[in-house]
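S.K.: Got a structure for you, questions after.
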Amino acid sequence: MKTVLLVLLMVGVFGAAAGAAVWTLRASEPPTDERGASPSKASAPGSVAPTKDESMSSAKAGARKISRAAYDVTPLSKSRVDELAKKLKPEEAAVILAKGTERAFCGNLVDNKKDGTYVCRLCGLPLFASDAKFDSGTGWPSFFQPFDKDHVAYEHDNTLGMERTEILCARCEAHLGHVFEDGPRPTGLRFCLNSVSLEFIDKGAPWPEASRPIETQVAYFAGGCFWGVEDRLQQTPGVVEAVSGYMGGRTENPTYKEVCYENTGHAETVMITFDPKTIAYKELLAKFFRYHDPTQLNRQGPDHGEQYRSAIFAATPEQEDQAKKFIEEQQASNPKFKARKIVTQVVGAQRAGKFYPAEDYHQDYHAKHGGHCAMPEDE
Ligand code: FE
């Protein structure tokens, strides 16, 4: 097995200084993980880059791997890659399959300054966006960050007497180019691409099926301090993204301070984006009930007040029905609730109101700062 390098891409946390964009080309230890913090994290996560080995092991386990941008990045089988490769022209195959390099200043995308997205020529996965492209003067298309950290994989390359880090499509393993540490802010990275490995889709043009995200659904759960609920749900297979925020109150654009000290009526709430083919809403309800105590009224442990109430904000009438039914079943048949009344509010889709993402410093709190809230382990 080839040595797989572990790389930290600071692609979501743009507030970080370029010097903090840790890039360990020859690291033997993984750098500290730091998940993306922006509420619009879908296209801008930051984390330890996925390695080929990690991706392959999840595929072996049969799990569908979904990126934060909601793309299915489960590694394709060899037979599927072989099938896709039939469409390649010889000069494309020489780079994409045989890891060749096109000549500098010869690629058709070097000087492309149009707005749009660069997708994998072999499998269609979005890899880079025009807003991360810069003129490196090298003669190859250059970017300072990928479209999504989970869309690119890395491998140590010591061919041609050089020590380099190869970049590959995380889904089909197409050779894309190499990444270097001499890029511009905010990441300090230069992803050096072969034009032939990419296809460009103009902004506003229809995206082919292979370049589209999966269909996801959203759900909203309030179960006390959002740090812990977000942390646990984010780690749940099938959950694409978990965002901390405020919901269910009377004021617009509430701040944390207002929610704590003013009578806003908002509850600390976690918005989940999930893949319904991997996890059903009912399974999320069960997780939510495991991660908090639905019998505590307007509190969770030491946290007192309406902002810590237990609530389910339904995104659809179907979710509302399922949530009510789930609570009835739990109250009637779960011995845990035999002598304790479930007080969780179910707020219908019509009344749930708007979800307001919390301040950046609340997002991914435990992933960034360590620690965890006291919650039962999964069964
Ligand atoms: Fe690909």
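Residues in the structure tokens are numbered from 1 in each chain, the chains being A, B, ... in the order shown, and ligands are numbered from 1 in the order shown.
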List the neighbours of Gln307 of chain A out to 12 Å using only C-alpha atoms; skip same-chain residues closer than 2 positions along the sequence, and give me the result as a PyMOL selection string.
M.R.: chain A and resi 222-226+245-249+254+256-269+297-300+303-305+309-311
S.K.: Near Ile272 of chain A, within 6 Å and counting only C-alpha atoms, which residues show up once chain neighbours fewer than 6 positions away are dropped, as a PyMOL selection string?
M.R.: chain A and resi 218-219+241-242
S.K.: For C-alpha atoms, I'd like the residues from the last selection saved as a PDB file, in the first residue's frame.
M.R.:
```
ATOM      1  CA  VAL A 218     -33.786  18.901   6.607  1.00  0.00           C
ATOM      2  CA  ALA A 219     -34.907  18.426  10.195  1.00  0.00           C
ATOM      3  CA  GLU A 241     -24.502  18.632   7.854  1.00  0.00           C
ATOM      4  CA  ALA A 242     -25.518  19.842  11.307  1.00  0.00           C
TER       5      ALA A 242
END
```
S.K.: Could you give me, as a Markdown table, a per-residue list for chain A showing, wherever an atom lies at most 10 Å from an atom of ligand 1, the closest pair of atoms and their distance in Å to one decimal, using only C-alpha atoms and all ligand atoms and sorting by chain then residue number from low to high?
M.R.:
```
| residue | atom | partner | partner_atom_place_in_ligand_line | distance |
| --- | --- | --- | --- | --- |
| A:Val73 | CA | ligand 1 | 1 (Fe) | 9.0 |
| A:Pro75 | CA | ligand 1 | 1 (Fe) | 9.1 |
| A:Leu76 | CA | ligand 1 | 1 (Fe) | 8.8 |
| A:Val81 | CA | ligand 1 | 1 (Fe) | 8.8 |
| A:Leu84 | CA | ligand 1 | 1 (Fe) | 9.6 |
| A:Ile96 | CA | ligand 1 | 1 (Fe) | 9.4 |
| A:Val119 | CA | ligand 1 | 1 (Fe) | 7.8 |
| A:Cys120 | CA | ligand 1 | 1 (Fe) | 4.6 |
| A:Arg121 | CA | ligand 1 | 1 (Fe) | 6.7 |
| A:Leu122 | CA | ligand 1 | 1 (Fe) | 5.1 |
| A:Cys123 | CA | ligand 1 | 1 (Fe) | 4.0 |
| A:Gly124 | CA | ligand 1 | 1 (Fe) | 5.9 |
| A:Leu125 | CA | ligand 1 | 1 (Fe) | 5.5 |
| A:Pro126 | CA | ligand 1 | 1 (Fe) | 8.4 |
| A:Leu127 | CA | ligand 1 | 1 (Fe) | 8.4 |
| A:His151 | CA | ligand 1 | 1 (Fe) | 8.5 |
| A:Val152 | CA | ligand 1 | 1 (Fe) | 8.9 |
| A:Leu168 | CA | ligand 1 | 1 (Fe) | 7.8 |
| A:Cys169 | CA | ligand 1 | 1 (Fe) | 4.6 |
| A:Ala170 | CA | ligand 1 | 1 (Fe) | 6.6 |
| A:Arg171 | CA | ligand 1 | 1 (Fe) | 5.1 |
| A:Cys172 | CA | ligand 1 | 1 (Fe) | 4.2 |
| A:Glu173 | CA | ligand 1 | 1 (Fe) | 6.1 |
| A:Ala174 | CA | ligand 1 | 1 (Fe) | 5.4 |
| A:His175 | CA | ligand 1 | 1 (Fe) | 8.6 |
| A:Leu176 | CA | ligand 1 | 1 (Fe) | 9.0 |
| A:Ser197 | CA | ligand 1 | 1 (Fe) | 8.8 |
| A:Leu198 | CA | ligand 1 | 1 (Fe) | 9.1 |
| A:Ala210 | CA | ligand 1 | 1 (Fe) | 9.6 |
| A:Ser211 | CA | ligand 1 | 1 (Fe) | 9.8 |
```
S.K.: Those residues with N, CA and C atoms, as a JSON list (two decimals), in the first residue's frame please?
M.R.:
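Printed below is again22.json as written:
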```
[["chain", "number", "residue", "atom", "x", "y", "z"],
["A", 73, "VAL", "N", -19.89, 10.75, -2.71],
["A", 73, "VAL", "CA", -18.47, 10.58, -3.05],
["A", 73, "VAL", "C", -17.98, 9.17, -2.68],
["A", 75, "PRO", "N", -16.45, 5.87, -3.27],
["A", 75, "PRO", "CA", -15.56, 5.47, -4.35],
["A", 75, "PRO", "C", -16.24, 4.52, -5.34],
["A", 76, "LEU", "N", -16.04, 4.78, -6.60],
["A", 76, "LEU", "CA", -16.65, 3.94, -7.64],
["A", 76, "LEU", "C", -15.90, 2.62, -7.75],
["A", 81, "VAL", "N", -15.41, 2.50, -13.15],
["A", 81, "VAL", "CA", -14.37, 3.40, -13.66],
["A", 81, "VAL", "C", -13.97, 2.96, -15.07],
["A", 84, "LEU", "N", -16.56, 4.13, -17.47],
["A", 84, "LEU", "CA", -16.46, 5.58, -17.73],
["A", 84, "LEU", "C", -15.26, 5.90, -18.60],
["A", 96, "ILE", "N", -5.34, 11.20, -17.15],
["A", 96, "ILE", "CA", -6.30, 10.80, -16.11],
["A", 96, "ILE", "C", -6.03, 9.40, -15.57],
["A", 119, "VAL", "N", -15.46, 20.35, -13.13],
["A", 119, "VAL", "CA", -15.85, 19.02, -12.66],
["A", 119, "VAL", "C", -14.89, 17.98, -13.23],
["A", 120, "CYS", "N", -14.89, 16.82, -12.60],
["A", 120, "CYS", "CA", -14.03, 15.72, -13.04],
["A", 120, "CYS", "C", -14.45, 15.25, -14.43],
["A", 121, "ARG", "N", -13.49, 15.17, -15.34],
["A", 121, "ARG", "CA", -13.82, 14.74, -16.70],
["A", 121, "ARG", "C", -14.30, 13.29, -16.72],
["A", 122, "LEU", "N", -13.80, 12.49, -15.78],
["A", 122, "LEU", "CA", -14.16, 11.08, -15.80],
["A", 122, "LEU", "C", -15.52, 10.82, -15.16],
["A", 123, "CYS", "N", -15.76, 11.36, -13.96],
["A", 123, "CYS", "CA", -17.00, 10.99, -13.25],
["A", 123, "CYS", "C", -17.97, 12.15, -13.04],
["A", 124, "GLY", "N", -17.54, 13.39, -13.32],
["A", 124, "GLY", "CA", -18.47, 14.52, -13.21],
["A", 124, "GLY", "C", -18.52, 15.21, -11.86],
["A", 125, "LEU", "N", -17.78, 14.72, -10.88],
["A", 125, "LEU", "CA", -17.83, 15.33, -9.54],
["A", 125, "LEU", "C", -17.27, 16.75, -9.57],
["A", 126, "PRO", "N", -17.97, 17.73, -9.01],
["A", 126, "PRO", "CA", -17.40, 19.09, -8.94],
["A", 126, "PRO", "C", -16.12, 19.09, -8.10],
["A", 127, "LEU", "N", -15.06, 19.66, -8.64],
["A", 127, "LEU", "CA", -13.76, 19.62, -7.97],
["A", 127, "LEU", "C", -13.24, 20.99, -7.56],
["A", 151, "HIS", "N", -14.00, 16.07, -1.84],
["A", 151, "HIS", "CA", -14.05, 15.72, -3.26],
["A", 151, "HIS", "C", -12.67, 15.42, -3.84],
["A", 152, "VAL", "N", -11.64, 15.68, -3.05],
["A", 152, "VAL", "CA", -10.28, 15.48, -3.55],
["A", 152, "VAL", "C", -9.53, 14.55, -2.59],
["A", 168, "LEU", "N", -6.13, 13.55, -6.55],
["A", 168, "LEU", "CA", -7.00, 12.68, -7.34],
["A", 168, "LEU", "C", -8.45, 13.01, -7.05],
["A", 169, "CYS", "N", -9.31, 12.65, -7.96],
["A", 169, "CYS", "CA", -10.74, 12.75, -7.69],
["A", 169, "CYS", "C", -11.06, 11.70, -6.63],
["A", 170, "ALA", "N", -11.74, 12.13, -5.55],
["A", 170, "ALA", "CA", -12.03, 11.21, -4.45],
["A", 170, "ALA", "C", -13.02, 10.13, -4.85],
["A", 171, "ARG", "N", -13.78, 10.37, -5.89],
["A", 171, "ARG", "CA", -14.82, 9.39, -6.26],
["A", 171, "ARG", "C", -14.33, 8.36, -7.27],
["A", 172, "CYS", "N", -13.56, 8.81, -8.27],
["A", 172, "CYS", "CA", -13.17, 7.87, -9.33],
["A", 172, "CYS", "C", -11.66, 7.67, -9.42],
["A", 173, "GLU", "N", -10.91, 8.40, -8.59],
["A", 173, "GLU", "CA", -9.45, 8.30, -8.55],
["A", 173, "GLU", "C", -8.77, 8.78, -9.83],
["A", 174, "ALA", "N", -9.45, 9.60, -10.60],
["A", 174, "ALA", "CA", -8.82, 10.21, -11.76],
["A", 174, "ALA", "C", -7.64, 11.05, -11.29],
["A", 175, "HIS", "N", -6.53, 10.97, -12.01],
["A", 175, "HIS", "CA", -5.39, 11.83, -11.69],
["A", 175, "HIS", "C", -5.74, 13.26, -12.10],
["A", 176, "LEU", "N", -5.50, 14.19, -11.17],
["A", 176, "LEU", "CA", -5.84, 15.60, -11.45],
["A", 176, "LEU", "C", -4.60, 16.46, -11.61],
["A", 197, "SER", "N", -7.98, 16.97, -17.25],
["A", 197, "SER", "CA", -8.66, 16.20, -16.20],
["A", 197, "SER", "C", -10.00, 16.82, -15.82],
["A", 198, "LEU", "N", -10.25, 18.02, -16.33],
["A", 198, "LEU", "CA", -11.43, 18.79, -15.91],
["A", 198, "LEU", "C", -12.37, 19.09, -17.06],
["A", 210, "ALA", "N", -24.44, 13.57, -13.30],
["A", 210, "ALA", "CA", -23.29, 13.12, -12.50],
["A", 210, "ALA", "C", -22.66, 14.26, -11.69],
["A", 211, "SER", "N", -23.02, 15.50, -12.01],
["A", 211, "SER", "CA", -22.43, 16.65, -11.32],
["A", 211, "SER", "C", -23.39, 17.27, -10.31]]
```
S.K.: Between atom CA of Glu92 of chain A and atom CA of Ala132 of chain A, what is the distance in Å, rounded to a tenth?
M.R.: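 Taking atom CA of Glu92 of chain A and atom CA of Ala132 of chain A, their separation equals 23.8 Å.
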